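See below for final.txt, which holds compact mmCIF, C-alpha atoms.
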# COMPACT_ATOMS: atom_id res chain seq x y z
CA MET Q 25 112.66 50.36 80.90
CA ALA Q 26 110.70 51.52 83.94
CA HIS Q 27 108.44 54.55 83.89
CA THR Q 28 108.99 56.97 86.75
CA GLY Q 29 106.20 59.43 86.00
CA THR Q 30 103.23 59.80 88.32
CA ARG Q 31 99.66 59.51 87.22
CA ALA Q 32 97.09 62.03 88.28
CA SER Q 33 93.82 60.55 89.34
CA ARG Q 34 90.93 61.10 87.03
CA TYR Q 35 88.64 62.53 89.69
CA PRO Q 36 89.76 64.76 92.54
CA ARG Q 37 89.37 63.41 96.01
CA LYS Q 38 86.35 64.66 97.88
CA GLY Q 39 88.51 65.58 100.84
CA ARG Q 40 90.31 68.25 98.84
CA LEU Q 41 87.07 69.95 97.93
CA LEU Q 42 85.84 69.92 101.50
CA ARG Q 43 89.10 71.38 102.77
CA ALA Q 44 89.11 74.13 100.14
CA LEU Q 45 85.52 75.20 100.82
CA PRO Q 46 86.12 76.92 104.21
CA ALA Q 47 89.10 78.79 102.77
CA SER Q 48 87.10 80.09 99.83
CA ILE Q 49 84.24 81.09 102.13
CA ALA Q 50 86.69 82.95 104.37
CA VAL Q 51 88.13 84.81 101.39
CA THR Q 52 84.63 85.76 100.22
CA ILE Q 53 83.65 87.04 103.67
CA ALA Q 54 86.87 89.05 103.97
CA ALA Q 55 86.31 90.63 100.55
CA PHE Q 56 82.73 91.53 101.47
CA ARG Q 57 83.83 93.12 104.77
CA ASN Q 58 86.53 95.09 102.96
CA TRP Q 59 83.97 96.32 100.41
CA ARG Q 60 81.57 97.40 103.18
CA ARG Q 61 84.33 99.32 104.99
CA THR Q 62 85.39 101.05 101.78
CA ALA Q 63 81.81 102.02 100.94
CA ALA Q 64 81.21 103.39 104.45
CA ARG Q 65 84.47 105.36 104.30
CA ARG Q 66 83.51 106.90 100.95
CA ARG Q 67 80.05 107.85 102.23
CA ALA Q 68 81.59 109.48 105.31
CA ILE Q 69 84.11 111.45 103.26
CA ALA Q 70 81.42 112.55 100.79
CA GLY Q 71 79.47 114.14 103.65
CA LEU Q 72 82.35 116.32 104.86
CA THR Q 73 82.85 119.96 104.00
CA VAL Q 74 86.01 121.33 102.40
CA ASP Q 75 87.23 122.66 105.77
CA GLN Q 76 86.67 119.30 107.45
CA LEU Q 77 88.53 117.51 104.67
CA ARG Q 78 91.43 119.92 105.05
CA ASP Q 79 91.43 119.33 108.84
CA ILE Q 80 91.84 115.56 108.47
CA GLY Q 81 94.49 115.98 105.78
CA HIS Q 82 92.44 114.53 102.95
CA PRO Q 83 93.21 116.04 99.54
CA VAL Q 84 90.36 118.25 98.44
CA VAL Q 85 89.21 117.55 94.92
CA ASP Q 86 88.48 120.89 93.39
CA ALA Q 87 86.00 121.37 90.62
CA PRO Q 88 87.60 122.03 87.25
CA THR Q 89 88.49 125.65 86.81
CA LEU Q 90 88.83 127.67 83.66
CA GLU Q 91 91.82 129.96 83.61
CA ILE Q 92 91.43 132.96 81.34
CA LYS Q 93 94.44 135.02 80.36
CA ALA Q 94 94.15 138.78 80.50
CA GLY Q 95 94.24 139.37 76.73
CA LEU Q 96 92.03 136.46 75.73
CA ILE Q 97 88.88 138.45 75.10
CA THR Q 98 90.82 140.98 73.04
CA ASN Q 99 92.36 138.19 70.95
CA LEU Q 100 89.00 136.54 70.41
CA MET Q 101 87.36 139.79 69.39
CA SER Q 102 90.15 140.51 66.91
CA MET Q 103 89.67 137.06 65.29
CA ARG Q 104 86.04 137.83 64.70

What is this file in structure tokens?
Amino acid sequence: MAHTGTRASRYPRKGRLLRALPASIAVTIAAFRNWRRTAARRRAIAGLTVDQLRDIGHPVVDAPTLEIKAGLITNLMSMR
């Protein structure tokens, strides 16, 4: 009976590694450029005022607010 399976070589060919190297370098450079653009964009947005953010259509992140109902103080004083 004949075997039809293929055998993988024990060691990868050096040509494969050399061909993969430029691709991995290109991916690394692209990721670094993307990170730099994102960091610059965040720094630019952080320096804008609320009015400027509203002008460019960027959602303004408001500081957390505390909403107090009208009878809250009365209720708290009665629990005392």

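Straight-line separation from atom CA of Q:Ile49 to atom CA of Q:Ala64: 22.6 Å.
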
- Within 12 Å of Q:Pro83, counting all atoms listed in the file, which residues qualify if same-chain residues fewer than 4 places away don't, as a count of residues only? 8

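From atom CA of Q:Ala44 back to atom CA of Q:Thr62, the distance works out to 27.2 Å.
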